[in-house]
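One structure is given below, encoded as structure tokens.
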Amino acid sequence: MLGVCERTLRIWEEHGLITPSRSPKNGRRMYSTLDVGRLKFIKFLLSEQGLNISGAKKIIKVWEACKAKGCEKIDDCLDLEGMEEK
């Protein structure tokens, strides 16, 4: 579906980029629609934007903070000069 192997998904999970729920019966990872969207965003950051896992984690952290604050644009949460969160 995403064009990444299972090991890649495990690595992203180990690094805290994604936390899928687990099946109570067998412990298999279960990805929601939101998880799949997040995985697509992670893949975009890593493969198309050339970020490493650490860089992707920082972008995701800022993105989540902006969503929590209700910002319409990520620019509203950032000082783009210093790339610091407000």
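Here, A, B, ... name the chains of the structure tokens in the order displayed, residue numbers run from 1 inside each chain, and ligands are numbered from 1 in the same displayed order.
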
Identify, with DSSP run on backbone atoms, the residues in chain A assigned to alpha helix (DSSP H), and express the list as a compact mmCIF listing (two decimals) with C-alpha atoms, in the first residue's frame.
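Result file follows (part-v4.txt):
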```txt
# COMPACT_ATOMS: atom_id res chain seq x y z
CA GLU A 6 7.64 -4.42 7.03
CA ARG A 7 11.12 -3.82 8.47
CA THR A 8 10.87 -0.14 7.54
CA LEU A 9 7.57 0.13 9.42
CA ARG A 10 9.19 -1.53 12.45
CA ILE A 11 12.12 0.90 12.34
CA TRP A 12 9.76 3.86 12.19
CA GLU A 13 7.88 2.40 15.14
CA GLU A 14 11.11 1.80 17.11
CA THR A 33 -6.81 5.54 8.43
CA LEU A 34 -5.06 8.26 10.44
CA ASP A 35 -2.02 5.99 10.89
CA VAL A 36 -1.85 5.43 7.12
CA GLY A 37 -1.98 9.19 6.54
CA ARG A 38 0.82 9.68 9.05
CA LEU A 39 2.86 6.91 7.39
CA LYS A 40 2.44 8.63 4.02
CA PHE A 41 3.64 11.89 5.59
CA ILE A 42 6.65 10.13 7.15
CA LYS A 43 7.52 8.52 3.82
CA ILE A 53 14.52 10.06 11.05
CA SER A 54 15.59 12.70 13.57
CA GLY A 55 14.56 15.51 11.21
CA ALA A 56 11.23 13.85 10.48
CA LYS A 57 10.57 13.50 14.23
CA LYS A 58 11.18 17.24 14.69
CA ILE A 59 8.82 18.18 11.86
CA ILE A 60 6.13 15.83 13.20
CA LYS A 61 6.54 17.28 16.70
CA VAL A 62 5.98 20.82 15.39
CA TRP A 63 3.08 19.66 13.21
CA GLU A 64 1.39 17.97 16.19
CA ALA A 65 1.95 21.06 18.38
CA CYS A 66 0.36 23.25 15.72
CA LYS A 67 -2.62 20.92 15.44
CA ALA A 68 -3.04 20.95 19.23
CA LYS A 69 -2.98 24.78 19.24
```

- Query: Between A:Val4, A:Gly70, A:Leu45, A:Gly50, which is the closest to Leu17 (chain A) once you count only C-alpha atoms?
  - Reply: A:Leu45
